[in-house]
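Written out below as structure tokens is the structure these notes cover.
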Amino acid sequence: MLLILGAGYVGAALGALALDEGHQVTLADNWYATERSQLDQLASRGARVETADIRDPGDLDRLLAERPERVYLLAAQASRPLSESEPDYTEETNLSGARRVAEAAVRAGGPPIVYGSSLHVYGPGLEGEIDAGRPYGPQGDLSHLSKIYAELCLELYARRHGFELALLRLGIVYGPSPVEHDRPESQTVVDKFRRLAAAGEGLTLDDGGRATIGVVHVDDVARIMLDGPPPGASNVAAETVTVADVAALARGDEPPGGAAWTVASPFDYRHPLAEYLA
């Protein structure tokens, strides 16, 4: 059985792929950002859907008592705006929650953990090729700052207790998933621009769209997670583009290029951004 903590956008896509490949799947969420009814389709296919909160050790012990083959820690408050309006929930979930997952894993005998982190841990102002050995950089919000703490906390417990830990530093994830969120603060630039361009609306570019971002299709993320990523930290981004490139592709124009940095990643990717936005 695969235990997916966090049944949102990425977790639901992972669950769907795991079911496709014949795995038993348990998806758990506290339904803070996701409606339980959004998982009905996966439940009808055989997924077990549970109400649980990673802040609650009892919930975690109950789920881990079934001895999952692997635990995916994807539950997090990932929105920058919400981290400012709800800092306590952000810290309790992203900081204490990560520690409690590690503690529960130890009590359950140490199943492998895959943690969904972010390329944002490297901070702003990047140049050249960014590999997983790059030091952490300064952060501008609690949500992304918490990724650094969670990585270090999980590494601490993994070293002490000998369980396998993979830290996946995700770029901006895009593409269709069984769970998608309509709130503006939950939409990433790729899917936002795609929807706006399809509706014939204008695309606003801050600072001329010069910012560089790493991007990856959600199907690639799900496949990488399901295949069992190697222990340690890895970057998960198929390519880097500027925000202006995303806007141009969404409009059907030639992208101007000029990304300031690239990502070193050990994985293969099947879904190019240009194909998705075509």
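All residue names refer to the structure tokens as shown: chains lettered A, B, ... in order, residues numbered from 1 in each chain, ligands numbered from 1 in order.
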### Query
Could you write out, as a ChimeraX atom specification, all the residues of segment 85-265 of chain A that DSSP marks as helix (DSSP H, G or I)?
/A:85,87-107,119-122,142-161,184-186,189-198,206-209,218-226,243-251
### Query
Contacts of Glu35 of chain A at 10 Å or less, counting only C-alpha atoms, minus same-chain residues fewer than 6 places along, as a VMD selection string?
chain A and resid 7 to 8 29 179 181
### Query
Which residues, written as a PyMOL selection string, have at least one atom at most 12 Å from Gln41 of chain A, with only C-alpha atoms counted and residues fewer than 2 positions away on the same chain left out?
chain A and resi 12-13+15-16+19+36-39+43-49+177-179
### Message
Give me, as a PyMOL selection string, all polymer residues having an atom no more than 8 Å from segment 192-207 of chain A, counting only C-alpha atoms and skipping those fewer than 4 positions away in the same chain.
### Response
chain A and resi 187-188+211+243-244+246-247+250-251+277
Could you save those same residues with C-alpha atoms as a PDB file, in the first residue's frame?
ATOM      1  CA  GLN A 187      -3.210  28.773  -9.524  1.00  0.00           C
ATOM      2  CA  THR A 188       0.294  28.720 -10.968  1.00  0.00           C
ATOM      3  CA  ALA A 211      11.701  36.165 -14.000  1.00  0.00           C
ATOM      4  CA  VAL A 243       7.399  34.210 -17.439  1.00  0.00           C
ATOM      5  CA  ALA A 244       7.432  36.070 -20.768  1.00  0.00           C
ATOM      6  CA  VAL A 246       5.038  31.225 -20.814  1.00  0.00           C
ATOM      7  CA  ALA A 247       2.903  34.152 -21.940  1.00  0.00           C
ATOM      8  CA  ALA A 250       0.071  30.617 -24.294  1.00  0.00           C
ATOM      9  CA  ARG A 251      -0.675  33.228 -26.996  1.00  0.00           C
ATOM     10  CA  LEU A 277       0.497  25.344 -24.322  1.00  0.00           C
TER      11      LEU A 277
END
### Task
Can you work out the spacing between atom CA of Pro266 of chain A and atom CA of Val236 of chain A in Å, to one decimal?
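So the two atoms, atom CA of Pro266 of chain A and atom CA of Val236 of chain A, lie 8.2 Å apart.
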#### Entry: Contacts of Gly214 of chain A at 8 Å (only C-alpha atoms; same-chain gap of 6+ positions) as number ranges by chain
A: 119, 171-172, 237-241, 262-263
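Nearest to Arg159 of chain A of all the residues A:Ser117, A:Glu180, A:Gly232, A:Asp56 is A:Gly232, based on only C-alpha atoms.
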### Proximity to Ser83 of chain A - best of A:Arg62, A:His120, A:His144, A:Arg134, only C-alpha atoms
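Looking at the shortest contact to Ser83 of chain A, the residue is A:His144.
The residue set within 8 Å of Ala264 of chain A, counting only C-alpha atoms and dropping same-chain residues fewer than 2 places from it, reads Glu129, Ile130, Asp131, Ala132, Asn235, Thr262 and Pro266 of chain A.
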Could you save those same residues with all heavy atoms as an mmCIF file, in the first residue's frame?
data_model
loop_
_atom_site.group_PDB
_atom_site.id
_atom_site.type_symbol
_atom_site.label_atom_id
_atom_site.label_comp_id
_atom_site.auth_asym_id
_atom_site.auth_seq_id
_atom_site.Cartn_x
_atom_site.Cartn_y
_atom_site.Cartn_z
ATOM 1 N N GLU A 129 23.794 26.841 -13.912
ATOM 2 C CA GLU A 129 23.118 25.566 -13.678
ATOM 3 C C GLU A 129 22.937 25.347 -12.180
ATOM 4 O O GLU A 129 23.892 25.467 -11.405
ATOM 5 C CB GLU A 129 23.925 24.407 -14.267
ATOM 6 C CG GLU A 129 23.207 23.073 -14.135
ATOM 7 C CD GLU A 129 23.994 21.924 -14.729
ATOM 8 O OE1 GLU A 129 25.052 21.582 -14.168
ATOM 9 O OE2 GLU A 129 23.544 21.354 -15.738
ATOM 10 N N ILE A 130 21.724 25.004 -11.791
ATOM 11 C CA ILE A 130 21.389 24.803 -10.381
ATOM 12 C C ILE A 130 21.280 23.307 -10.122
ATOM 13 O O ILE A 130 20.384 22.643 -10.644
ATOM 14 C CB ILE A 130 20.061 25.501 -10.013
ATOM 15 C CG1 ILE A 130 20.078 26.965 -10.461
ATOM 16 C CG2 ILE A 130 19.796 25.368 -8.516
ATOM 17 C CD1 ILE A 130 21.226 27.773 -9.901
ATOM 18 N N ASP A 131 22.201 22.774 -9.332
ATOM 19 C CA ASP A 131 22.115 21.363 -8.960
ATOM 20 C C ASP A 131 21.684 21.244 -7.510
ATOM 21 O O ASP A 131 21.568 22.239 -6.786
ATOM 22 C CB ASP A 131 23.427 20.619 -9.224
ATOM 23 C CG ASP A 131 24.597 21.137 -8.409
ATOM 24 O OD1 ASP A 131 24.378 21.691 -7.304
ATOM 25 O OD2 ASP A 131 25.747 20.992 -8.866
ATOM 26 N N ALA A 132 21.428 20.014 -7.075
ATOM 27 C CA ALA A 132 20.871 19.791 -5.735
ATOM 28 C C ALA A 132 21.871 20.063 -4.618
ATOM 29 O O ALA A 132 21.487 20.081 -3.452
ATOM 30 C CB ALA A 132 20.336 18.366 -5.625
ATOM 31 N N ASN A 235 16.371 17.709 -7.929
ATOM 32 C CA ASN A 235 15.535 18.718 -8.561
ATOM 33 C C ASN A 235 14.564 18.040 -9.527
ATOM 34 O O ASN A 235 14.930 17.104 -10.235
ATOM 35 C CB ASN A 235 16.390 19.715 -9.338
ATOM 36 C CG ASN A 235 17.290 20.538 -8.437
ATOM 37 O OD1 ASN A 235 16.937 20.819 -7.286
ATOM 38 N ND2 ASN A 235 18.447 20.938 -8.945
ATOM 39 N N THR A 262 19.435 27.282 -15.412
ATOM 40 C CA THR A 262 18.920 25.970 -15.794
ATOM 41 C C THR A 262 18.963 25.056 -14.576
ATOM 42 O O THR A 262 19.579 25.386 -13.552
ATOM 43 C CB THR A 262 19.753 25.349 -16.934
ATOM 44 O OG1 THR A 262 21.106 25.196 -16.483
ATOM 45 C CG2 THR A 262 19.725 26.228 -18.173
ATOM 46 N N PRO A 266 18.119 14.518 -12.430
ATOM 47 C CA PRO A 266 18.485 13.163 -12.853
ATOM 48 C C PRO A 266 17.380 12.412 -13.590
ATOM 49 O O PRO A 266 17.577 11.256 -13.965
ATOM 50 C CB PRO A 266 18.794 12.472 -11.523
ATOM 51 C CG PRO A 266 17.872 13.130 -10.546
ATOM 52 C CD PRO A 266 17.789 14.572 -10.990
#
Listing only residues of segment 154-196 of chain A within 10 Å of segment 84-101 of chain A, what is the closest atom pair and its distance in Å (to one decimal) for each, using only C-alpha atoms, sorted by chain and residue number ascending, as a Markdown table?
| residue | atom | partner | partner_atom | distance |
| --- | --- | --- | --- | --- |
| A:Leu154 | CA | A:Arg99 | CA | 6.8 |
| A:Leu156 | CA | A:Arg99 | CA | 9.7 |
| A:Tyr157 | CA | A:Arg99 | CA | 8.4 |
### Task
Using only C-alpha atoms, pick whichever of A:Gly6, A:Gly258, A:Pro272, A:Gly175 has the shortest atom-to-atom distance to Tyr115 of chain A.
A:Gly6
### Message
Using only C-alpha atoms, which protein or nucleic acid residues come within 8 Å of Leu3 of chain A? Drop anything in the same chain fewer than 4 positions from it, and give the result as a PyMOL selection string.
### Response
chain A and resi 25-28+63+68-72
Got time to write the residues from that selection, C-alpha atoms, as an mmCIF file, in the first residue's frame?
data_model
loop_
_atom_site.group_PDB
_atom_site.id
_atom_site.type_symbol
_atom_site.label_atom_id
_atom_site.label_comp_id
_atom_site.auth_asym_id
_atom_site.auth_seq_id
_atom_site.Cartn_x
_atom_site.Cartn_y
_atom_site.Cartn_z
ATOM 1 C CA VAL A 25 -3.515 3.508 -2.492
ATOM 2 C CA THR A 26 -4.554 5.425 0.605
ATOM 3 C CA LEU A 27 -5.057 9.167 0.191
ATOM 4 C CA ALA A 28 -5.340 11.222 3.373
ATOM 5 C CA LEU A 63 -2.508 5.368 8.942
ATOM 6 C CA PRO A 68 2.732 1.249 3.861
ATOM 7 C CA GLU A 69 5.455 0.446 1.343
ATOM 8 C CA ARG A 70 6.191 4.155 0.947
ATOM 9 C CA VAL A 71 4.901 7.386 2.460
ATOM 10 C CA TYR A 72 4.504 10.495 0.318
#
### Task
Would you return as a ChimeraX atom specification the members of segment 88-171 of chain A that DSSP assigns to strand (DSSP E or B) on this structure's backbone?
/A:113-118,128-130,165-170
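Using only C-alpha atoms for every distance, the candidate list A:Lys147, A:Arg107, A:Arg67, A:Arg183 yields A:Lys147 as the residue closest to Leu167 of chain A.
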